[in-house]
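Chemist: For reference, this is work-v3.txt, and it has compact mmCIF, C-alpha atoms.
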# COMPACT_ATOMS: atom_id res chain seq x y z
CA MET A 166 15.09 87.68 133.08
CA ASP A 167 11.66 89.30 132.78
CA SER A 168 9.75 88.12 129.69
CA LEU A 169 9.30 91.49 128.04
CA GLU A 170 12.95 92.38 128.59
CA TYR A 171 13.99 89.04 127.12
CA ILE A 172 11.68 89.53 124.12
CA ASP A 173 12.86 93.12 123.66
CA ALA A 174 16.47 91.97 123.64
CA TYR A 175 15.66 89.37 120.96
CA PHE A 176 13.92 91.83 118.62
CA SER A 177 16.62 94.46 119.23
CA GLY A 178 19.22 91.96 118.00
CA GLU A 179 20.92 91.76 121.41
CA THR A 180 20.35 88.04 121.97
CA PRO A 181 23.46 85.92 121.35
CA GLN A 182 23.19 83.71 118.26
CA GLU A 183 23.29 80.50 120.30
CA GLU A 184 20.24 81.59 122.35
CA THR A 185 17.98 82.52 119.43
CA ARG A 186 17.08 78.89 118.76
CA GLN A 187 16.15 78.52 122.41
CA PHE A 188 13.92 81.60 122.09
CA GLU A 189 12.11 80.16 119.07
CA GLN A 190 11.70 76.77 120.69
CA ARG A 191 10.16 78.42 123.74
CA ILE A 192 7.52 80.08 121.55
CA GLN A 193 6.44 76.62 120.40
CA ASP A 194 6.64 74.94 123.82
CA ASP A 195 5.28 77.65 126.09
CA PRO A 196 1.88 79.15 125.08
CA ALA A 197 2.12 81.91 127.72
CA PHE A 198 5.47 82.99 126.32
CA ALA A 199 4.11 82.94 122.74
CA GLU A 200 1.33 85.20 123.94
CA GLU A 201 3.89 87.60 125.44
CA VAL A 202 5.73 87.73 122.10
CA ALA A 203 2.45 88.37 120.27
CA PHE A 204 1.59 91.15 122.74
CA TYR A 205 5.02 92.77 122.31
CA LEU A 206 4.65 92.88 118.53
CA THR A 207 1.02 93.97 118.64
CA ALA A 208 1.77 96.78 121.11
CA ARG A 209 4.56 98.05 118.88
CA GLU A 210 2.34 98.05 115.81
CA ALA A 211 -0.57 99.67 117.68
CA SER A 212 1.81 102.42 118.87
CA LYS A 213 2.96 102.94 115.28
CA GLU A 214 -0.63 103.23 114.11
CA GLU A 215 -1.34 105.72 116.89
CA LEU A 216 1.64 107.79 115.74
CA VAL A 217 0.39 107.75 112.14
CA GLU A 218 -3.10 108.79 113.24
CA GLU A 219 -1.65 111.63 115.32
CA ARG A 220 0.40 112.91 112.38
CA LYS A 221 -2.66 112.73 110.14
CA ARG A 222 -4.59 114.84 112.63
CA ASP A 223 -1.75 117.40 112.55
CA PHE A 224 -1.76 117.36 108.75
CA ARG A 225 -5.51 117.92 108.72
CA ALA A 226 -5.10 121.00 110.93
CA LEU A 227 -2.39 122.33 108.60
CA TYR A 228 -4.58 121.67 105.57
CA ARG A 229 -7.62 123.36 107.11
CA ARG A 230 -5.62 126.49 107.86
CA ALA A 231 -4.28 126.62 104.30
CA ASP A 232 -7.72 125.91 102.88
CA ALA A 233 -9.26 128.70 104.94
CA VAL A 234 -6.82 131.14 103.35
CA ALA A 235 -7.61 129.84 99.84
CA LYS A 236 -11.33 130.26 100.42
CA PHE A 237 -10.97 133.90 101.36
CA ARG A 238 -13.04 135.14 98.40
CA PRO A 239 -13.04 138.68 96.90
CA ALA A 240 -16.85 138.90 97.32
CA LEU A 241 -16.44 138.56 101.05
CA ILE A 242 -13.77 141.23 101.01
CA ARG A 243 -16.07 143.62 99.11
CA ARG A 244 -18.86 142.96 101.60
CA LEU A 245 -16.54 143.77 104.46
CA LEU A 246 -15.10 146.93 102.88
CA PRO A 247 -17.36 149.54 104.56
CA ALA A 248 -16.87 147.91 107.95
CA VAL A 249 -13.12 147.74 107.41
CA ALA A 250 -13.01 151.40 106.33
CA ALA A 251 -14.93 152.45 109.41
CA ALA A 252 -12.72 150.28 111.58
CA ALA A 253 -9.62 151.85 109.98
CA LEU A 254 -10.86 155.36 110.78
CA ILE A 255 -11.63 154.44 114.37
CA SER A 256 -8.29 152.65 114.61
CA ALA A 257 -6.45 155.73 113.30
CA ILE A 258 -8.06 157.93 115.95
CA ALA A 259 -7.40 155.34 118.63
CA LEU A 260 -3.82 154.92 117.43
CA CYS A 261 -3.12 158.66 117.75
CA TRP A 262 -4.36 158.60 121.32
CA TYR A 263 -2.52 155.42 121.98
CA LEU A 264 0.85 156.58 120.63
CA PHE A 265 0.85 159.90 122.45
CA ALA A 266 -1.13 159.28 125.62
CA GLY A 267 -1.50 155.53 126.00
CA PRO A 268 0.43 153.20 128.32
CA LYS A 269 3.91 151.93 127.39
CA THR A 270 3.07 148.32 126.63
CA GLY A 271 3.80 145.62 124.05
CA PRO A 272 1.07 146.81 121.67
CA LYS A 273 2.43 150.35 121.80
CA LEU A 274 5.95 149.17 121.01
CA ALA A 275 4.59 147.06 118.16
CA ASP A 276 2.64 150.05 116.83
CA ARG A 277 5.75 152.18 116.88
CA TYR A 278 7.71 149.51 115.06
CA ILE A 279 4.98 149.18 112.43
CA GLN A 280 4.79 152.97 112.04
CA GLU A 281 8.52 153.22 111.54
CA ASN A 282 9.19 150.09 109.48
CA LEU A 283 6.07 148.69 107.87
CA GLN A 284 4.38 151.79 106.46
CA LEU A 285 5.84 151.28 102.99
CA LEU A 286 7.23 148.14 101.36
CA SER A 287 10.00 148.32 98.81
CA VAL A 288 8.82 148.22 95.16
CA LYS A 289 11.23 147.30 92.35
CA MET A 290 11.48 149.51 89.30
CA GLY A 291 10.70 147.92 85.90
CA ALA A 292 8.24 145.19 84.97
CA MET A 293 5.04 145.19 87.03
CA ASP A 294 4.29 141.59 88.04
CA SER A 295 1.62 140.48 90.55
CA LEU A 296 3.98 140.85 93.50
CA GLN A 297 4.91 144.41 92.56
CA MET A 298 1.22 145.17 91.99
CA GLY A 299 0.47 143.93 95.50
CA LEU A 300 3.23 146.10 96.94
CA VAL A 301 1.94 149.20 95.11
CA LEU A 302 -1.57 148.54 96.47
CA PHE A 303 -0.08 148.10 99.97
CA ASN A 304 1.81 151.38 99.71
CA ASP A 305 -1.42 153.09 98.58
CA GLY A 306 -3.07 151.83 101.75
CA LYS A 307 -5.28 149.38 99.81
CA PHE A 308 -4.52 146.51 102.14
CA ILE A 309 -7.47 144.27 101.24
CA GLU A 310 -6.68 144.44 97.53
CA ALA A 311 -2.99 143.96 98.26
CA LEU A 312 -3.75 140.86 100.32
CA GLN A 313 -5.84 139.50 97.44
CA GLU A 314 -2.85 139.89 95.10
CA PHE A 315 -0.46 138.16 97.50
CA GLU A 316 -2.89 135.30 98.13
CA LYS A 317 -3.37 134.78 94.39
CA ILE A 318 0.40 134.38 94.05
CA ILE A 319 0.53 131.91 96.98
CA GLN A 320 -2.34 129.86 95.54
CA SER A 321 -0.49 129.40 92.24
CA ASP A 322 2.96 129.02 93.82
CA SER A 323 2.99 128.12 97.51
CA SER A 324 6.81 128.24 97.52
CA ASN A 325 6.87 132.03 96.96
CA SER A 326 8.21 133.08 100.35
CA THR A 327 8.20 136.82 99.54
CA ALA A 328 4.46 136.69 98.86
CA VAL A 329 3.92 134.78 102.13
CA LYS A 330 5.90 137.41 104.05
CA ASP A 331 4.06 140.31 102.39
CA ALA A 332 0.68 138.60 102.95
CA GLY A 333 1.61 138.33 106.63
CA ILE A 334 2.60 142.00 106.89
CA THR A 335 -0.59 143.05 105.08
CA SER A 336 -2.71 140.92 107.42
CA LEU A 337 -0.92 142.54 110.35
CA ARG A 338 -1.75 145.99 108.99
CA LEU A 339 -5.37 144.82 108.62
CA GLU A 340 -5.17 143.73 112.26
CA ASP A 341 -6.14 140.23 111.22
CA TYR A 342 -3.68 138.71 113.67
CA ASP A 343 -4.61 135.05 113.28
CA ARG A 344 -4.12 135.28 109.53
CA ALA A 345 -0.83 137.16 110.02
CA LEU A 346 0.38 134.48 112.43
CA TYR A 347 -0.56 131.78 109.93
CA PHE A 348 1.56 133.39 107.21
CA PHE A 349 4.53 134.14 109.47
CA ARG A 350 4.56 130.59 110.90
CA ASN A 351 4.38 129.22 107.38
CA LEU A 352 7.34 131.46 106.50
CA GLU A 353 9.25 130.43 109.62
CA ILE A 354 9.39 126.72 108.70
CA ARG A 355 11.07 127.50 105.36
CA ASN A 356 14.54 126.75 106.62
CA HIS A 357 16.16 127.13 103.21
CA LEU A 358 15.79 130.94 103.19
CA HIS A 359 18.98 132.89 103.70
CA LEU A 360 17.11 135.66 105.47
CA ASN A 361 13.95 134.59 107.23
CA PRO A 362 12.13 137.21 109.34
CA GLY A 363 9.22 134.81 110.07
CA LEU A 364 9.96 134.35 113.77
CA PHE A 365 10.53 138.06 114.37
CA TYR A 366 7.26 139.04 112.69
CA GLU A 367 5.45 136.32 114.63
CA ALA A 368 6.72 137.96 117.83
CA LEU A 369 5.69 141.40 116.59
CA THR A 370 2.18 140.14 115.79
CA LEU A 371 1.84 138.61 119.26
CA MET A 372 2.97 141.89 120.83
CA LYS A 373 0.35 143.74 118.83
CA ARG A 374 -2.43 141.21 119.51
CA ASN A 375 -1.65 141.19 123.23
CA PHE A 376 -3.92 138.33 124.24
CA ASN A 377 -3.34 136.62 127.56
CA GLY A 378 0.16 135.08 127.37
CA ASP A 379 1.06 136.78 124.06
CA ALA A 380 3.55 139.19 125.63
CA ALA A 381 5.52 136.40 127.32
CA GLN A 382 5.48 134.31 124.15
CA ALA A 383 6.62 137.32 122.07
CA LYS A 384 9.49 137.92 124.47
CA HIS A 385 10.51 134.29 124.22
CA LEU A 386 10.45 134.40 120.41
CA LEU A 387 12.50 137.61 120.29
CA GLN A 388 15.10 135.96 122.52
CA GLU A 389 15.11 133.01 120.12
CA VAL A 390 15.67 135.37 117.17
CA ILE A 391 18.72 136.74 118.98
CA GLN A 392 20.05 133.36 120.12
CA ARG A 393 19.70 131.80 116.68
CA ASN A 394 21.09 134.93 114.99
CA LEU A 395 18.06 135.16 112.70
CA ASP A 396 16.97 137.96 110.40
CA LYS A 397 15.90 141.15 112.26
CA LYS A 398 18.14 140.29 115.21
CA GLU A 399 19.03 143.96 115.79
CA ASP A 400 15.37 144.94 115.82
CA ALA A 401 14.66 142.14 118.29
CA VAL A 402 17.39 143.45 120.60
CA GLU A 403 15.88 146.96 120.47
CA LEU A 404 12.37 145.74 121.18
CA LEU A 405 13.48 143.56 124.05
CA LYS A 406 15.30 146.50 125.65
CA LYS A 407 12.07 148.48 125.69
CA MET A 408 9.76 145.67 126.83
CA MET B 77 29.85 114.56 82.42
CA SER B 78 28.23 116.65 85.10
CA ILE B 79 25.74 115.14 87.49
CA THR B 80 22.91 117.38 88.60
CA SER B 81 20.71 116.76 91.59
CA PRO B 82 17.05 116.13 90.79
CA PHE B 83 16.14 118.16 93.89
CA SER B 84 15.35 121.84 94.13
CA ASP B 85 16.96 123.69 97.05
CA ALA B 86 13.69 123.52 98.98
CA ASP B 87 13.33 119.76 98.44
CA GLY B 88 16.95 119.25 99.46
CA GLN B 89 16.29 121.15 102.69
CA ILE B 90 13.19 119.07 103.39
CA ILE B 91 15.11 115.82 102.88
CA GLU B 92 17.87 117.09 105.17
CA LEU B 93 15.32 117.89 107.89
CA LEU B 94 13.66 114.48 107.51
CA LEU B 95 17.00 112.83 108.15
CA GLN B 96 17.21 114.60 111.54
CA ASN B 97 15.31 113.77 114.72
CA GLY B 98 12.97 115.70 116.98
CA LEU B 99 11.73 119.16 116.12
CA ASP B 100 13.74 119.40 112.89
CA LYS B 101 12.20 116.20 111.55
CA ARG B 102 8.76 117.46 112.53
CA ARG B 103 9.39 120.68 110.62
CA GLY B 104 10.47 118.67 107.61
CA GLU B 105 7.27 116.61 107.76
CA ASP B 106 5.09 119.72 107.91
CA ALA B 107 7.10 121.37 105.14
CA LEU B 108 6.73 118.32 102.87
CA PHE B 109 3.00 118.16 103.54
CA THR B 110 2.34 121.85 102.81
CA ARG B 111 4.69 122.03 99.81
CA TYR B 112 2.63 119.68 97.67
CA ASP B 113 -0.79 119.87 99.33
CA TYR B 114 -2.30 121.04 96.03
CA PHE B 115 -2.21 117.34 95.05
CA ILE B 116 -5.36 117.06 97.19
CA ARG B 117 -7.21 119.38 94.81
CA GLU B 118 -5.81 117.44 91.85
CA GLY B 119 -7.13 114.20 93.34
CA MET B 120 -10.55 115.84 93.49
CA SER B 121 -10.57 117.56 90.10
CA LYS B 122 -8.68 115.02 87.96
CA LEU B 123 -9.62 111.76 89.64
CA GLY B 124 -13.04 112.61 91.03
CA LEU B 125 -12.26 111.72 94.66
CA SER B 126 -14.05 113.40 97.53
CA GLU B 127 -12.01 115.92 99.54
CA ASP B 128 -11.78 113.48 102.44
CA GLU B 129 -10.61 110.60 100.24
CA SER B 130 -8.08 112.79 98.48
CA PHE B 131 -6.80 114.18 101.79
CA ASN B 132 -6.37 110.66 103.20
CA ALA B 133 -4.59 109.45 100.07
CA TYR B 134 -2.26 112.47 100.20
CA SER B 135 -1.55 112.16 103.96
CA ASP B 136 -0.80 108.44 103.59
CA SER B 137 1.49 109.24 100.64
CA VAL B 138 3.38 111.88 102.61
CA LEU B 139 3.80 109.49 105.57
CA ALA B 140 5.00 106.71 103.26
CA ALA B 141 7.51 109.08 101.63
CA ILE B 142 8.70 110.30 105.05
CA GLU B 143 9.33 106.71 106.16
CA LYS B 144 11.32 105.91 103.02
CA ILE B 145 13.39 109.09 103.29
CA SER B 146 13.99 108.72 107.04
CA ASN B 147 15.14 105.11 106.86
CA GLY B 148 17.38 105.81 103.88
CA THR B 149 15.56 103.60 101.37
CA PHE B 150 14.57 106.56 99.17
CA GLU B 151 17.15 106.41 96.40
CA GLY B 152 16.58 109.87 94.99
CA ARG B 153 16.34 108.78 91.36
CA SER B 154 13.48 111.16 90.75
CA SER B 155 12.55 114.54 92.17
CA LEU B 156 10.69 114.59 95.47
CA LYS B 157 7.59 115.92 93.70
CA THR B 158 7.60 113.11 91.12
CA TYR B 159 8.23 110.50 93.80
CA LEU B 160 5.43 111.76 96.02
CA TYR B 161 3.06 112.09 93.08
CA GLN B 162 3.70 108.48 92.05
CA ILE B 163 2.77 107.24 95.52
CA PHE B 164 -0.24 109.55 95.66
CA HIS B 165 -1.46 108.52 92.22
CA ASN B 166 -1.18 104.83 93.07
CA LYS B 167 -3.12 105.35 96.30
CA CYS B 168 -5.84 107.26 94.43
CA VAL B 169 -6.10 104.53 91.79
CA ASP B 170 -6.33 101.92 94.58
CA LEU B 171 -9.17 103.90 96.10
CA LEU B 172 -10.95 104.19 92.77
CA ARG B 173 -10.64 100.50 92.09
CA LYS B 174 -11.83 99.78 95.61
CA ASN B 175 -8.73 97.68 96.09
CA SER B 176 -7.98 99.23 99.42
CA THR B 177 -10.57 97.31 101.43
CA ASN B 178 -9.15 96.52 104.86
CA LYS B 179 -5.92 98.15 103.76
CA SER B 180 -4.67 98.87 107.25
CA SER B 181 -4.83 95.25 108.31
CA ILE B 182 -2.87 94.21 105.21
CA HIS B 183 -0.23 96.82 106.03
CA ARG B 184 -0.29 95.70 109.68
CA THR B 185 0.37 92.07 108.73
CA ASP B 186 3.19 93.07 106.38
CA SER B 187 4.83 95.22 109.00
CA ILE B 188 4.72 92.55 111.71
CA SER B 189 5.86 89.87 109.27
CA GLU B 190 9.05 91.85 108.71
CA ARG B 191 9.86 91.48 112.41
CA LEU B 192 9.02 87.78 112.39
CA LEU B 193 11.14 87.18 109.29
CA HIS B 194 14.03 85.52 111.08
CA ILE B 195 11.93 83.21 113.22
CA THR B 196 11.34 79.63 112.11
CA ASP B 197 8.07 78.86 110.34
CA LYS B 198 6.51 76.95 113.24
CA ALA B 199 7.22 79.65 115.82
CA ARG B 200 6.12 82.36 113.39
CA SER B 201 2.72 80.81 112.71
CA ALA B 202 2.13 80.27 116.44
CA VAL B 203 2.70 83.98 117.08
CA GLN B 204 0.77 85.03 113.97
CA VAL B 205 -2.35 83.16 115.14
CA LEU B 206 -2.24 85.07 118.44
CA ILE B 207 -1.66 88.40 116.72
CA ASP B 208 -4.67 87.81 114.49
CA LYS B 209 -6.79 87.30 117.61
CA ALA B 210 -5.67 90.58 119.22
CA ASP B 211 -8.28 93.23 120.01
CA TRP B 212 -6.60 96.18 118.30
CA LYS B 213 -9.36 98.62 119.17
CA LEU B 214 -9.07 97.82 122.86
CA LEU B 215 -5.28 97.95 122.78
CA LYS B 216 -5.31 101.42 121.20
CA GLU B 217 -7.89 102.56 123.72
CA LYS B 218 -5.62 101.39 126.55
CA LEU B 219 -2.66 103.09 124.91
CA THR B 220 -4.42 106.44 125.30
CA GLN B 221 -4.88 105.71 129.02
CA LEU B 222 -1.16 105.24 129.62
CA GLY B 223 -0.32 108.89 130.23
CA ASP B 224 1.47 111.27 127.87
CA ASP B 225 5.07 110.27 128.64
CA CYS B 226 4.51 106.54 128.26
CA ARG B 227 2.44 107.00 125.12
CA LYS B 228 5.03 109.25 123.53
CA MET B 229 7.86 106.90 124.47
CA LEU B 230 6.10 103.90 122.93
CA MET B 231 5.27 105.85 119.78
CA LEU B 232 8.91 106.89 119.34
CA TRP B 233 10.02 103.29 119.93
CA ALA B 234 7.51 102.11 117.31
CA ASP B 235 8.93 104.75 114.95
CA ASN B 236 12.32 102.98 115.18
CA PHE B 237 13.93 105.54 117.50
CA SER B 238 16.75 103.95 119.49
CA ASP B 239 16.72 104.33 123.29
CA ARG B 240 19.57 106.83 122.92
CA GLN B 241 17.52 108.90 120.48
CA ILE B 242 14.47 108.71 122.76
CA ALA B 243 16.63 109.92 125.65
CA ALA B 244 17.68 112.97 123.62
CA GLU B 245 14.15 113.65 122.40
CA MET B 246 12.45 113.31 125.79
CA GLU B 247 15.29 114.69 127.90
CA TYR B 248 16.06 111.51 129.85
CA LYS B 249 19.52 111.17 131.36
CA THR B 250 20.60 107.92 129.71
CA SER B 251 19.42 105.29 127.26
CA ASP B 252 19.35 102.76 130.12
CA VAL B 253 16.77 104.88 131.94
CA VAL B 254 14.73 104.98 128.74
CA LYS B 255 14.93 101.21 128.31
CA THR B 256 13.73 100.61 131.88
CA SER B 257 10.92 103.16 131.54
CA ARG B 258 9.90 101.84 128.12
CA LEU B 259 9.62 98.28 129.41
CA ARG B 260 7.64 99.52 132.42
CA CYS B 261 5.26 101.30 130.05
CA LEU B 262 4.83 98.10 128.04
CA GLU B 263 4.17 96.19 131.24
CA LYS B 264 1.58 98.77 132.29
CA LEU B 265 -0.09 98.57 128.88
CA LYS B 266 -0.20 94.80 129.14
CA ARG B 267 -1.84 95.00 132.57
CA LEU B 268 -4.47 97.45 131.32
CA TYR B 269 -5.13 95.33 128.24
CA LYS B 270 -5.30 91.99 129.99
CA THR B 271 -7.39 92.99 133.00
CA VAL B 272 -10.47 93.86 130.96
Would you write out, as structure tokens, the structure that this file holds?
Modeler:
Amino acid sequence: MDSLEYIDAYFSGETPQEETRQFEQRIQDDPAFAEEVAFYLTAREASKEELVEERKRDFRALYRRADAVAKFRPALIRRLLPAVAAAALISAIALCWYLFAGPKTGPKLADRYIQENLQLLSVKMGAMDSLQMGLVLFNDGKFIEALQEFEKIIQSDSSNSTAVKDAGITSLRLEDYDRALYFFRNLEIRNHLHLNPGLFYEALTLMKRNFNGDAAQAKHLLQEVIQRNLDKKEDAVELLKKM
Amino acid sequence: MSITSPFSDADGQIIELLLQNGLDKRRGEDALFTRYDYFIREGMSKLGLSEDESFNAYSDSVLAAIEKISNGTFEGRSSLKTYLYQIFHNKCVDLLRKNSTNKSSIHRTDSISERLLHITDKARSAVQVLIDKADWKLLKEKLTQLGDDCRKMLMLWADNFSDRQIAAEMEYKTSDVVKTSRLRCLEKLKRLYKTV
């Protein structure tokens, strides 16, 4: 039997009891075999360390994304306000042209969906907490201020999935697609939610962004929403029909 | 007397995911990391660590917790947050006391010793001497030259995945095919390592 296979069988517990003594004796008598055993164990440990390093690199990427959101300071928002206002005006004009004269593409479908479903977010009557304040600001069209409110909530309680969803929708309305995707992907991994529209909104954002490959990826995600019977399944079916 | 779980719904979901394999486990790992990543800021503000030190302590804590949960040795006597914080705090204190010098090699020795536990003393020390002489840096460098499939397969094997689980994860037909491929990958790694 090949050495590595023999060694693998021993450490997998597949070697018969009567042969284990023979295995141990061979380590002492045969230096080349002892070296093979040492290599087997070293290779396994080196692979484990490689795995740990890979996971730490992934964690660092996750942390950087979250940190970037936390460092999104109000001063920066204020500095960007005039530019954002001008961009909004230009976008509104462009949108009108786009909706009535533009080509029938993913972005147009996404725009229609946003126009019909994400113009106003539902506000609860009664006590006005930070979340409700954010929703009121959103409904008043004050997206930057609304996003600030939602991010404040997330910073103090990262488990608040409603704030994550609303921060994503607000980012989408601000056409900050990377930020919107960050929030929706963060929402998507929260498997405990009874209704989780994260995957659907991720698809919608990709349709709207329309970078190279986004349309295909959006289509794939919408199909996944339908297959996995996730929240917004009916909307996914409608969008797919029109794509 | 009623018994209540120390876990919130979200923690319970994370633990459930960590007990799965593949993509679900990966989601659980990411969810655990992001759920308590504010510990990193606490390590900086309360214990005076640099961001990098605090991040490393937190990542190592999350990975240690994942291992305990995945292999079923986490007993669940405290909440996930308390458990993770205990590990994190100990790692931070270790860092502050500068007790963690050459920590990875200590961990490495412990981990290999577990595998050598059932071998007689004489055989164990013969292997240990050879392991101590290994060029870990070179071995890891050669590991990256193996190609993605081989590298992934060896990493899953090192993470205690059975050949059957590797077959499911990497879409191989049978566990026998995985075993043959895995041993071929090891053989290839040995060739690369020894021919330098």
Chemist: Would you list which chain A residues are within 9 Å of chain B using all atoms listed in the file, as a ChimeraX atom specification?
Modeler: /A:169-170,173,176,185-186,189-193,196,199-200,202-217,220-221,223-225,227-228,231,320,323-324,351,354-358
Chemist: For stretch 333-340 of chain A, list every protein, DNA or RNA residue within 10 Å, evaluated using all atoms listed in the file, and leave out those in the same chain fewer than 3 positions away; present the list as a count of residues only.
Modeler: 42
Chemist: Using all atoms listed in the file, which residues sit within 8 Å of stretch 401-408 of chain A once same-chain residues fewer than 6 positions away are excluded, as a list of chain:residue names?
Modeler: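 Final neighbour list, sorted by chain and number: A:Thr270, A:Gly271, A:Leu274, A:Phe365, A:Lys384, A:Leu387, A:Gln388, A:Val390, A:Ile391.
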Chemist: One number please: atom CA of A:Lys317 to atom CA of A:Ala226, in Å, one decimal.
Modeler: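 Rounded to one decimal, the two atoms are 21.6 Å apart.
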Chemist: Can you measure atom CA of A:Leu395 to atom CA of A:Glu314 for me? One decimal in Å is fine.
Modeler: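 Between atom CA of A:Leu395 and atom CA of A:Glu314 the gap works out to 27.7 Å.
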Chemist: May I ask for the distance between atom CA of B:Asp224 and atom CA of B:Arg267, given in Å to one decimal place?
Modeler: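 Separation of atom CA of B:Asp224 and atom CA of B:Arg267: 17.3 Å.
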Chemist: Here's a test: counting only C-alpha atoms, identify every protein, DNA and RNA residue with an atom at most 12 Å from (14.0, 109.3, 93.0) in the file's coordinate frame, and state them as a PyMOL selection string.
Modeler: chain B and resi 81-83+87+91+141+144-145+148-163
Chemist: Can you tell me which residues surround A:Leu371 at a distance of at most 8 Å, considering all atoms listed in the file, apart from same-chain residues fewer than 3 positions away, and format the answer as a list in words?
Modeler: Tyr342, Glu367, Ala368, Arg374, Asn375, Phe376, Asp379, Ala380, Gln382 and Ala383 of chain A
Chemist: What would the file look like if the residues just selected were written as a PDB file, keeping the file's coordinate frame with C-alpha atoms?
Modeler:
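Heads up, here's the output in result-v5.pdb:
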ATOM      1  CA  TYR A 342      -3.680 138.710 113.670  1.00  0.00           C
ATOM      2  CA  GLU A 367       5.450 136.320 114.630  1.00  0.00           C
ATOM      3  CA  ALA A 368       6.720 137.960 117.830  1.00  0.00           C
ATOM      4  CA  ARG A 374      -2.430 141.210 119.510  1.00  0.00           C
ATOM      5  CA  ASN A 375      -1.650 141.190 123.230  1.00  0.00           C
ATOM      6  CA  PHE A 376      -3.920 138.330 124.240  1.00  0.00           C
ATOM      7  CA  ASP A 379       1.060 136.780 124.060  1.00  0.00           C
ATOM      8  CA  ALA A 380       3.550 139.190 125.630  1.00  0.00           C
ATOM      9  CA  GLN A 382       5.480 134.310 124.150  1.00  0.00           C
ATOM     10  CA  ALA A 383       6.620 137.320 122.070  1.00  0.00           C
TER      11      ALA A 383
END
Chemist: With all atoms of stretch 115-121 of chain B from the file as input, state the centre and edge lengths in Å to one decimal of the axis-aligned box that has 5 Å extra on each side, as AutoDock Vina command-line options.
Modeler:
--center_x -6.4 --center_y 116.8 --center_z 93.6 --size_x 18.4 --size_y 15.2 --size_z 17.1
